[in-house]
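File shown: input-v6.cif. Contents: mmCIF, C-alpha atoms.
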data_upload
loop_
_atom_site.label_atom_id
_atom_site.label_comp_id
_atom_site.auth_asym_id
_atom_site.auth_seq_id
_atom_site.Cartn_x
_atom_site.Cartn_y
_atom_site.Cartn_z
CA PHE A 24 83.05 62.33 125.67
CA VAL A 25 83.73 58.60 126.09
CA ASN A 26 82.81 58.02 122.43
CA LEU A 27 85.21 60.77 121.37
CA LEU A 28 88.05 59.29 123.40
CA TRP A 29 87.42 55.78 122.11
CA THR A 30 87.17 56.91 118.47
CA GLY A 31 90.32 59.02 118.82
CA THR A 32 92.24 56.09 120.27
CA LEU A 33 91.15 53.79 117.42
CA ALA A 34 92.04 56.43 114.82
CA ARG A 35 95.53 56.94 116.27
CA ARG A 36 96.19 53.19 116.22
CA GLN A 37 95.21 52.99 112.57
CA LEU A 38 97.34 56.02 111.64
CA LEU A 39 100.40 54.40 113.20
CA ARG A 40 99.94 51.37 110.93
CA ILE A 41 99.87 53.48 107.76
CA GLU A 42 103.25 54.25 106.20
CA PRO A 43 103.57 57.84 105.02
CA MET A 44 103.91 58.26 101.29
CA PRO A 45 106.95 60.43 100.41
CA ARG A 46 105.08 62.45 97.79
CA LEU A 47 102.20 63.16 100.16
CA ALA A 48 104.59 64.15 102.93
CA THR A 49 106.25 66.69 100.62
CA ALA A 50 102.88 68.07 99.51
CA ALA A 51 101.71 68.27 103.12
CA ALA A 52 104.87 70.14 104.12
CA ALA A 53 104.37 72.62 101.26
CA LEU A 54 100.74 73.06 102.25
CA ARG A 55 101.71 73.71 105.88
CA ARG A 56 104.32 76.26 104.75
CA ASP A 57 101.80 78.05 102.52
CA ALA A 58 99.17 78.03 105.28
CA ARG A 59 101.71 79.41 107.78
CA THR A 60 102.74 82.20 105.39
CA TYR A 61 99.12 83.12 104.76
CA ALA A 62 98.35 83.07 108.49
CA ILE A 63 101.25 85.43 109.22
CA LEU A 64 100.21 87.89 106.51
CA ALA A 65 96.55 87.70 107.51
CA SER A 66 97.51 88.30 111.14
CA LEU A 67 99.50 91.40 110.24
CA THR A 68 96.63 92.87 108.22
CA SER A 69 94.25 91.96 111.04
CA VAL A 70 96.37 93.91 113.53
CA VAL A 71 96.37 96.96 111.24
CA THR A 72 92.62 96.61 110.73
CA PHE A 73 92.08 96.33 114.47
CA VAL A 74 94.16 99.42 115.25
CA VAL A 75 92.86 101.64 112.46
CA TRP A 76 89.29 100.54 111.77
CA ARG A 77 88.12 99.25 115.14
CA ARG A 78 88.53 102.51 117.00
CA SER A 79 91.63 101.52 119.00
CA GLU A 80 93.19 104.78 117.93
CA LEU A 81 90.94 106.58 120.40
CA PHE A 82 93.14 105.29 123.22
CA PHE A 83 96.12 107.00 121.60
CA LEU A 84 94.13 110.12 120.81
CA GLN A 85 92.94 110.30 124.42
CA HIS A 86 96.55 110.50 125.57
CA TYR A 87 97.73 113.07 123.01
CA SER A 88 94.57 115.04 122.17
CA SER A 89 91.80 117.00 123.80
CA SER A 90 88.18 115.84 123.95
CA ALA A 91 87.26 118.35 121.26
CA GLN A 92 89.94 116.98 118.91
CA ILE A 93 88.68 113.44 119.51
CA ALA A 94 85.14 114.61 118.62
CA PHE A 95 86.47 116.28 115.47
CA TYR A 96 87.89 112.89 114.51
CA SER A 97 85.08 110.61 115.72
CA ILE A 98 82.28 112.26 113.77
CA PRO A 99 83.98 112.05 110.34
CA PHE A 100 85.23 108.55 111.08
CA SER A 101 81.69 107.39 111.85
CA LEU A 102 80.37 108.97 108.68
CA MET A 103 83.16 107.39 106.64
CA THR A 104 82.41 103.99 108.15
CA ALA A 105 78.73 104.36 107.28
CA LEU A 106 79.54 105.34 103.70
CA ILE A 107 81.90 102.44 103.13
CA THR A 108 79.85 99.67 104.75
CA LEU A 109 77.85 98.61 101.68
CA PRO A 110 80.64 98.60 99.07
CA GLN A 111 83.02 96.94 101.52
CA SER A 112 80.46 94.25 102.35
CA LEU A 113 79.86 93.60 98.66
CA SER A 114 83.56 93.11 98.08
CA GLU A 115 84.08 90.72 100.98
CA VAL A 116 81.38 88.14 100.23
CA VAL A 117 83.00 86.74 97.08
CA SER A 118 85.66 84.52 98.71
CA PRO A 119 83.52 81.34 98.83
CA ALA A 120 82.48 81.72 95.20
CA VAL A 121 86.09 82.29 94.14
CA ALA A 122 87.21 79.26 96.15
CA THR A 123 84.57 77.13 94.42
CA LEU A 124 85.64 78.36 90.99
CA PHE A 125 89.31 77.86 91.86
CA GLY A 126 88.63 74.32 93.00
CA ALA A 127 86.84 73.65 89.72
CA GLY A 128 89.79 75.05 87.74
CA ALA A 129 87.72 77.90 86.29
CA GLY A 130 90.50 80.50 86.16
CA GLU A 131 88.91 82.40 83.29
CA ARG A 132 85.66 82.82 85.21
CA ILE A 133 87.64 84.09 88.21
CA GLN A 134 89.32 86.71 86.00
CA ARG A 135 85.99 87.81 84.51
CA GLY A 136 84.45 87.96 88.00
CA TYR A 137 87.31 90.09 89.30
CA GLY A 138 86.97 92.50 86.38
CA ARG A 139 83.22 92.71 86.80
CA GLY A 140 83.51 93.21 90.56
CA THR A 141 86.09 95.94 90.12
CA ARG A 142 83.92 97.79 87.60
CA LEU A 143 80.82 97.53 89.80
CA LEU A 144 82.66 98.79 92.87
CA VAL A 145 84.12 101.72 90.96
CA ILE A 146 80.69 102.58 89.56
CA LEU A 147 79.25 102.38 93.07
CA THR A 148 81.96 104.13 95.09
CA LEU A 149 83.01 107.01 92.84
CA PRO A 150 79.61 108.76 92.95
CA VAL A 151 79.39 108.14 96.70
CA ALA A 152 82.87 109.63 97.18
CA ALA A 153 82.05 112.61 94.95
CA ALA A 154 78.81 113.29 96.80
CA ALA A 155 80.57 112.95 100.16
CA LEU A 156 83.27 115.39 99.08
CA ALA A 157 80.66 117.84 97.83
CA VAL A 158 78.23 117.83 100.75
CA GLY A 159 80.08 116.11 103.63
CA PRO A 160 81.46 119.16 105.47
CA GLU A 161 78.21 121.08 105.02
CA THR A 162 76.22 118.09 106.33
CA ILE A 163 78.43 117.95 109.43
CA ARG A 164 77.89 121.67 109.96
CA LEU A 165 74.12 121.26 109.50
CA ILE A 166 73.80 118.32 111.92
CA TRP A 167 76.35 119.22 114.63
CA GLY A 168 76.59 122.99 114.22
CA ARG A 169 79.32 125.49 113.36
CA ASP A 170 81.39 124.49 116.40
CA TYR A 171 82.23 121.29 114.55
CA ASP A 172 83.55 122.89 111.36
CA PRO A 173 87.01 121.32 111.90
CA ALA A 174 85.35 117.90 111.65
CA GLY A 175 84.47 118.76 108.04
CA THR A 176 88.16 119.15 107.21
CA VAL A 177 88.96 115.83 108.85
CA PHE A 178 86.11 114.26 106.88
CA LEU A 179 87.58 115.50 103.60
CA ILE A 180 90.91 113.88 104.50
CA LEU A 181 89.30 110.59 105.53
CA ILE A 182 87.10 110.38 102.42
CA VAL A 183 90.00 110.52 99.93
CA PRO A 184 90.74 106.75 99.97
CA LEU A 185 87.03 105.79 99.88
CA PRO A 186 87.07 104.43 96.30
CA ALA A 187 90.22 102.36 96.95
CA ILE A 188 89.16 100.62 100.18
CA PRO A 189 86.47 98.36 98.64
CA LEU A 190 88.85 97.54 95.77
CA VAL A 191 91.54 96.48 98.23
CA ASN A 192 88.99 94.34 100.06
CA LEU A 193 87.87 92.80 96.76
CA GLY A 194 91.48 91.92 95.92
CA ARG A 195 91.95 90.43 99.38
CA ALA A 196 88.73 88.42 99.01
CA PHE A 197 89.90 87.01 95.67
CA LEU A 198 93.31 86.16 97.08
CA THR A 199 91.66 84.44 100.02
CA GLY A 200 89.44 82.49 97.63
CA ILE A 201 92.38 81.15 95.64
CA GLY A 202 94.33 80.36 98.78
#

Would it be possible to restate this file's structure as structure tokens?
Amino acid sequence: FVNLLWTGTLARRQLLRIEPMPRLATAAAALRRDARTYAILASLTSVVTFVVWRRSELFFLQHYSSSAQIAFYSIPFSLMTALITLPQSLSEVVSPAVATLFGAGAGERIQRGYGRGTRLLVILTLPVAAAALAVGPETIRLIWGRDYDPAGTVFLILIVPLPAIPLVNLGRAFLTGIG
């Protein structure tokens, strides 16, 4: 702690002696503005993600719905989350690689990587979505019984955007990688 205080004091003294360069000050201001804009947009998407994908909606459903209706929603939501976990994870791990390529000025490799990632996610998610549409409601009926038939309908509604969600996450990961 004492070392940190002493080093901080010495660093501040040295910074006061350095005259700011006008060009660097302008670049720093632009960087702060860009970082602030990104932080605001990322915060908004984080709020939406928290409300929709982190089960906060159950608080609202509890107020406006019965326990049976919440169950009819929870079961398909859990199945949808399980189905999307792998493709979504694959799409989100590319940000560091994109940042490295962007820093190296390899724009063409970034474009090829985005195209390849998009194709792979489509090849992966379309069959999963088709299989889920085909057997999802029957699987719910088989596991939870006929009393949960309405959950199959909810599942069909929730599964519609399945192919698009990993693609959106891939786009977000690439945008994060390039700043």

task = Name the closest residue to A:Val151 among the candidates A:Arg56, A:Phe24, A:Phe95, A:Val183; distances are taken between atoms, counting all atoms listed in the file.
result =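 Of A:Arg56, A:Phe24, A:Phe95, A:Val183, the one nearest A:Val151 is A:Val183, counting all atoms listed in the file.
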
ask   = Mind pulling up the distance from atom CA of A:Thr199 to atom CA of A:Ala120?
value =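 Atom-to-atom, atom CA of A:Ala120 to atom CA of A:Thr199, that is 10.7 Å.
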
How close does stretch 57-138 of chain A get to stretch 166-176 of chain A? List, as a tab-separated table, each residue of stretch 57-138 of chain A within 10 Å, its nearest atom pair and the distance in Å to one decimal, counting only C-alpha atoms.
residue	atom	partner	partner_atom	distance
A:Ala91	CA	A:Tyr171	CA	8.9
A:Gln92	CA	A:Ala174	CA	8.6
A:Ile93	CA	A:Ala174	CA	9.6
A:Ala94	CA	A:Ala174	CA	7.7
A:Phe95	CA	A:Ala174	CA	4.3
A:Tyr96	CA	A:Ala174	CA	6.3
A:Ser97	CA	A:Ala174	CA	8.4
A:Ile98	CA	A:Ala174	CA	6.8
A:Pro99	CA	A:Ala174	CA	6.1
A:Phe100	CA	A:Ala174	CA	9.4

Check which residues satisfy the PyMOL selection byres ((chain A and resi 186) around 9) in the file shown, then give them as an mmCIF file with C-alpha atoms, keeping the file's coordinate frame.
data_model
loop_
_atom_site.group_PDB
_atom_site.id
_atom_site.type_symbol
_atom_site.label_atom_id
_atom_site.label_comp_id
_atom_site.auth_asym_id
_atom_site.auth_seq_id
_atom_site.Cartn_x
_atom_site.Cartn_y
_atom_site.Cartn_z
ATOM 1 C CA ILE A 107 81.900 102.440 103.130
ATOM 2 C CA LEU A 144 82.660 98.790 92.870
ATOM 3 C CA VAL A 145 84.120 101.720 90.960
ATOM 4 C CA LEU A 147 79.250 102.380 93.070
ATOM 5 C CA THR A 148 81.960 104.130 95.090
ATOM 6 C CA LEU A 149 83.010 107.010 92.840
ATOM 7 C CA VAL A 151 79.390 108.140 96.700
ATOM 8 C CA ALA A 152 82.870 109.630 97.180
ATOM 9 C CA ILE A 182 87.100 110.380 102.420
ATOM 10 C CA VAL A 183 90.000 110.520 99.930
ATOM 11 C CA PRO A 184 90.740 106.750 99.970
ATOM 12 C CA LEU A 185 87.030 105.790 99.880
ATOM 13 C CA ALA A 187 90.220 102.360 96.950
ATOM 14 C CA ILE A 188 89.160 100.620 100.180
ATOM 15 C CA PRO A 189 86.470 98.360 98.640
ATOM 16 C CA LEU A 190 88.850 97.540 95.770
#

request  = Could you please determine the separation between atom CA of A:Ser101 and atom CA of A:Phe178 in Å, to one decimal place?
outcome  =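 Rounded to one decimal, the two atoms are 9.6 Å apart.
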